[in-house]
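**Q** Before we start, here is the structure in question, set down as structure tokens.
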Amino acid sequence: MQHRTLGKTGFSISEISLGTWQVGGKWGEPFSHDTADRILNAAVDAGINFIDTADVYGDGESEKAVGRLVRSRSERVYVATKCGRRLQPHTAEAYQPAALRGFVEDSLRNMGLDTLDLIQLHCPPTEVYYRPEIFELFDRLKEEGKIRNLGVSVEKVEEGLKAIEYPNVTTVQVIFNMFRQRPAELFFKEAQRRDVGLIVRVPLASGLLTGKFSPQTTFDKDDHRNFNRDGQAFDKGETFSGVDYNTGLAAVDELKKIFPNQPELAPLALRWILMFPEVSCIIPGASRPEQLLSNLKTEELPALTNEQMAAVREVYDRMIRPQVHQIW
């Protein structure tokens with residue numbers, strides 16, 4: 001397992017890490033502590049040392065599973081969680097320091113930890129990034145020993161650029177993949193200049209970039225890939241990276257032609273992301289240990305060639321860019 005530095009946190013983390021949204025639900029399967037324990041322990045066994053969760057994943061059950069893992073293992077495992085999405089309604093006005101403090105303290109209790117390695121604002125409305133009092137709260141929490149670092153999870157490049165103006169923002173979590181390439185144009189350079197760590201989520205475009213879906217593929221009624229395609233529940237960009245499903249399938253067919261001798265697209269899609277040195281880690285999820293081990297095949301692949309990188313960009317420019325580029 002290769003490691004990269006997570007910006008000014010100084011943490012040396014596995015470049016392939018683990019996201020736990022799937023562990024916590026909204027992917028068509030109910031939360032299971034047994035499944036969570038198997039996935040999490042398999043991740044650490046494989047050399048993963050950075051795990052991303054959130055208080056809303058499984059209504060706190062994902063955090064409990066992550067905390068149980070950390071307390072049971074001798075390895076140093078860095079834990080990132082998120083706060084803010086429990087606000088109802090989820091509006092800029094609802095973001096208040098007292099509420100966020102409460103969420104941080106709830107996460108500490110959920111995980112049975114004294115300190116959070118990284119707490120991230122969980123895709124707040126854009127207006128929140130323009131309120132210094134929200135960011136100042138986390139300086140107090142750091143002084144109290146409740147957190148080590150503050151980060152943000154963003155929907156839009158604009159939000160990431162604004163967030164890194166705050167000196168205490170150490171990381172930004174952003175959607176970046178073969179179907180969502182805009183962050184690499186300006187944002188990556190600005191983040192690197194400020195020594196901000198970049199955590200890449202939705203690296204496989206909600207599974208589209210595995211190359212295993214077809215027009216006949218169906219998703220459970222409780223799976224966000226079924227109920228959120230038009231943004232009915234949360235930002236549309238979180239589901240298939242905002243790409244129309246059939247357009248995505250057609251683009252996947254084009255991507256497969258670039259790598260004719262490779263049986264699986266998913267490891268190549270992850271390797272493509274790791275070609276960008278500004279990226280600190282990617283956090284693909286897994287609904288079972290076998291998916292996690294498949295993602296780790298990425299480490300066995302050679303670097304993509306300049307010709308392959310250019311060909312991926314051409315597919316994006318021709319088929320995907322008009323749908324997503326200027327939105328996020």
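Ordering of the structure tokens sets the chain letters (A, B, ...), residue numbers begin anew at 1 in every chain, and ligands are numbered from 1 in the order given.
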Write out as a list in words which residues come within 6 Å of Leu18 of chain A when counting only C-alpha atoms, dropping same-chain ones fewer than 4 positions away.

**A**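 Close residues of Leu18 of chain A: Ile51, Ile283, Pro284 and Gly285 of chain A.
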
**Q** Running DSSP on the backbone, which parts of segment 24-141 of chain A land in strand (DSSP E or B), as a list in words?

**A** Trp27, Phe50, Ile51, Asp52, Tyr78, Val79, Ala80, Thr81, Lys82, Cys83, Leu116, Leu118, Ile119, Gln120, Leu121 and His122 of chain A

**Q** Neighbouring residues of Val196 of chain A were defined as those with any atom within 7 Å, considering only C-alpha atoms; residues of the same chain fewer than 3 positions away were excluded. Please report them as a PyMOL selection string.

**A** chain A and resi 7-8+170-171+191-192

**Q** Extract, using only C-alpha atoms, all DNA, RNA and protein residues at most 12 Å from Arg225 of chain A, discarding same-chain residues fewer than 5 positions from it, and format them as a ChimeraX atom specification.

**A** /A:22,26-28,205-208,213,217-220,230-234,236-245

**Q** With C-alpha atoms retained, could you export that selection as a JSON list (two decimals), in the first residue's frame?

**A**
```json
[["chain", "number", "residue", "atom", "x", "y", "z"],
["A", 22, "GLN", "CA", -22.29, 1.99, 1.81],
["A", 26, "LYS", "CA", -28.80, 4.29, 1.26],
["A", 27, "TRP", "CA", -27.33, 1.65, -1.04],
["A", 28, "GLY", "CA", -30.23, -0.77, -0.91],
["A", 205, "ALA", "CA", -19.47, 7.55, -10.00],
["A", 206, "SER", "CA", -21.78, 5.49, -7.75],
["A", 207, "GLY", "CA", -20.69, 2.31, -9.50],
["A", 208, "LEU", "CA", -21.07, 3.46, -13.10],
["A", 213, "PHE", "CA", -24.09, -1.83, -15.11],
["A", 217, "THR", "CA", -29.70, -3.03, -14.08],
["A", 218, "THR", "CA", -32.18, -2.29, -11.28],
["A", 219, "PHE", "CA", -31.61, -0.76, -7.86],
["A", 220, "ASP", "CA", -33.51, -1.30, -4.63],
["A", 230, "ASP", "CA", -32.89, 13.98, -10.15],
["A", 231, "GLY", "CA", -31.79, 15.23, -6.73],
["A", 232, "GLN", "CA", -35.05, 14.48, -4.90],
["A", 233, "ALA", "CA", -33.28, 13.71, -1.59],
["A", 234, "PHE", "CA", -29.90, 15.49, -1.76],
["A", 236, "LYS", "CA", -27.98, 15.29, -7.65],
["A", 237, "GLY", "CA", -24.23, 15.28, -8.12],
["A", 238, "GLU", "CA", -23.83, 12.63, -5.42],
["A", 239, "THR", "CA", -25.67, 10.08, -7.59],
["A", 240, "PHE", "CA", -23.77, 8.93, -10.70],
["A", 241, "SER", "CA", -21.80, 12.20, -10.33],
["A", 242, "GLY", "CA", -24.80, 14.00, -11.79],
["A", 243, "VAL", "CA", -24.49, 12.21, -15.14],
["A", 244, "ASP", "CA", -27.57, 10.90, -16.91],
["A", 245, "TYR", "CA", -27.52, 7.13, -16.44]]
```

**Q** With only C-alpha atoms as the counted atoms, please give the residues lying no more than 9 Å from Arg313 of chain A, apart from itself and same-chain residues fewer than 4 positions off, as a list in words.

**A** Met178, Gln181, Gln308, Met309, Asp317 and Arg318 of chain A

**Q** Write the selection just made, keeping C-alpha atoms, as a tab-separated table (two decimals), in the first residue's frame?

**A**
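Output file result-v9.tsv follows:
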```tsv
chain	number	residue	atom	x	y	z
A	178	MET	CA	-13.44	10.25	-14.94
A	181	GLN	CA	-12.94	16.40	-13.96
A	308	GLN	CA	-4.54	6.96	-22.15
A	309	MET	CA	-4.99	10.08	-20.02
A	317	ASP	CA	-15.10	16.46	-23.18
A	318	ARG	CA	-17.28	14.88	-25.84
```

**Q** Find the residues near segment 73-75 of chain A: any atom within 10 Å, counting only C-alpha atoms, skip ones fewer than 3 places away on the same chain, and give them as a short mmCIF file (atom, residue, chain, number, x, y, z; two decimals) with N, CA and C atoms, in the first residue's frame.

**A**
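See around03.cif below for the written result:
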```
data_model
loop_
_atom_site.label_atom_id
_atom_site.label_comp_id
_atom_site.auth_asym_id
_atom_site.auth_seq_id
_atom_site.Cartn_x
_atom_site.Cartn_y
_atom_site.Cartn_z
N ASN A 41 -12.45 -4.45 9.26
CA ASN A 41 -11.26 -5.22 9.63
C ASN A 41 -10.49 -5.68 8.40
N VAL A 44 -8.28 -2.72 7.30
CA VAL A 44 -7.06 -2.55 8.08
C VAL A 44 -6.08 -3.69 7.80
N ASP A 45 -6.60 -4.91 7.67
CA ASP A 45 -5.74 -6.04 7.33
C ASP A 45 -5.00 -5.80 6.03
N GLY A 47 -3.99 -2.94 4.90
CA GLY A 47 -3.08 -1.80 4.99
C GLY A 47 -3.74 -0.44 4.92
N ILE A 48 -5.06 -0.40 4.85
CA ILE A 48 -5.77 0.89 4.87
C ILE A 48 -5.72 1.46 6.28
N ASN A 49 -5.37 2.74 6.39
CA ASN A 49 -5.26 3.36 7.72
C ASN A 49 -6.03 4.67 7.85
N ARG A 68 -15.57 1.14 17.17
CA ARG A 68 -15.28 -0.20 17.69
C ARG A 68 -14.03 -0.76 17.02
N LEU A 69 -13.89 -0.54 15.72
CA LEU A 69 -12.70 -0.99 15.01
C LEU A 69 -11.45 -0.35 15.59
N VAL A 70 -11.46 0.98 15.71
CA VAL A 70 -10.28 1.71 16.15
C VAL A 70 -9.86 1.24 17.55
N TYR A 78 -6.54 6.38 11.23
CA TYR A 78 -7.03 7.76 11.27
C TYR A 78 -8.52 7.77 10.94
#
```

**Q** Looking only at the backbone, which of the residues in segment 207-281 of chain A does DSSP tag as alpha helix (DSSP H), as a list of chain:residue names?

**A**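 Here are the alpha helix (DSSP H) residues of segment 207-281 of chain A: A:His224, A:Arg225, A:Asn226, A:Phe227, A:Tyr245, A:Asn246, A:Thr247, A:Gly248, A:Leu249, A:Ala250, A:Ala251, A:Val252, A:Asp253, A:Glu254, A:Leu255, A:Lys256, A:Lys257, A:Ile258, A:Ala266, A:Pro267, A:Leu268, A:Ala269, A:Leu270, A:Arg271, A:Trp272, A:Ile273, A:Leu274.
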
**Q** For the residues in that selection, give me C-alpha atoms as a JSON list (two decimals), in the first residue's frame.

**A**
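Final file, out-v1.json:
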```
[["chain", "number", "residue", "atom", "x", "y", "z"],
["A", 224, "HIS", "CA", -30.08, 6.43, -3.75],
["A", 225, "ARG", "CA", -29.25, 5.34, -7.29],
["A", 226, "ASN", "CA", -32.95, 4.68, -7.63],
["A", 227, "PHE", "CA", -34.55, 7.56, -5.73],
["A", 245, "TYR", "CA", -27.52, 7.13, -16.44],
["A", 246, "ASN", "CA", -27.79, 6.15, -20.11],
["A", 247, "THR", "CA", -25.20, 8.74, -21.13],
["A", 248, "GLY", "CA", -22.92, 7.30, -18.48],
["A", 249, "LEU", "CA", -23.35, 3.78, -19.81],
["A", 250, "ALA", "CA", -22.47, 4.94, -23.31],
["A", 251, "ALA", "CA", -19.39, 6.76, -22.03],
["A", 252, "VAL", "CA", -18.29, 3.67, -20.10],
["A", 253, "ASP", "CA", -18.36, 1.71, -23.35],
["A", 254, "GLU", "CA", -16.02, 4.30, -24.86],
["A", 255, "LEU", "CA", -13.70, 4.16, -21.85],
["A", 256, "LYS", "CA", -13.45, 0.38, -22.10],
["A", 257, "LYS", "CA", -12.10, 0.76, -25.64],
["A", 258, "ILE", "CA", -9.16, 2.74, -24.23],
["A", 266, "ALA", "CA", -12.92, 0.00, -11.72],
["A", 267, "PRO", "CA", -9.21, -0.36, -10.82],
["A", 268, "LEU", "CA", -8.31, 1.70, -13.90],
["A", 269, "ALA", "CA", -10.77, 4.42, -12.88],
["A", 270, "LEU", "CA", -9.15, 4.56, -9.46],
["A", 271, "ARG", "CA", -5.64, 4.55, -10.95],
["A", 272, "TRP", "CA", -6.68, 7.48, -13.16],
["A", 273, "ILE", "CA", -7.46, 9.51, -10.02],
["A", 274, "LEU", "CA", -4.14, 8.62, -8.42]]
```

**Q** Would you mind telling me which residue in A:Asn168, A:Ser14, A:Thr35, A:Thr115 lies nearest to Phe138 of chain A when using only C-alpha atoms?

**A**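 Looking only at the distances to Phe138 of chain A, the closest residue turns out to be A:Asn168.
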
**Q** Skip Lys156 of chain A itself and residues of its chain fewer than 5 positions away, then list as a list of chain:residue names all residues within 9 Å of it, counting only C-alpha atoms.

**A**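 What passes the distance filter is A:Thr126, A:Leu161, A:Val174, A:Ile175, A:Pro183, A:Ile327, A:Trp328.
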
**Q** Compare A:Val157, A:Ala65, A:Glu165, A:Ile119 by their minimum atom-to-atom distance to Glu185 of chain A, counting only C-alpha atoms, and give me the closest one.

**A**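 Of A:Val157, A:Ala65, A:Glu165, A:Ile119, the one nearest Glu185 of chain A, counting only C-alpha atoms, is A:Val157.
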
**Q** Using only C-alpha atoms, find the one residue out of A:Phe11, A:Phe103, A:Tyr95, A:Tyr130 that sits nearest to Arg148 of chain A.

**A**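 Closest to Arg148 of chain A of all the choices is A:Phe11.
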
**Q** Please measure the separation of atom CA of Val315 of chain A and atom CA of Pro215 of chain A, giving the value in Å to one decimal.

**A**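 A separation of 19.7 Å between them.
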
**Q** Please determine, counting only C-alpha atoms, which residue among A:Asp195, A:Asn177, A:Val66, A:Asp235 has the shortest atom-to-atom distance to His90 of chain A.

**A**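 Of A:Asp195, A:Asn177, A:Val66, A:Asp235, the one nearest His90 of chain A, counting only C-alpha atoms, is A:Asp235.
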
**Q** Considering only C-alpha atoms, state which residue in the set A:Tyr57, A:Phe259, A:Phe188, A:Tyr316 is at the smallest distance from Glu278 of chain A.

**A**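 Distance minimum relative to Glu278 of chain A lands on A:Phe188.
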
**Q** When distances are computed from only C-alpha atoms, which of A:His122, A:His3, A:Lys297, A:Arg229 shows the smallest separation from Leu87 of chain A?

**A** A:His122
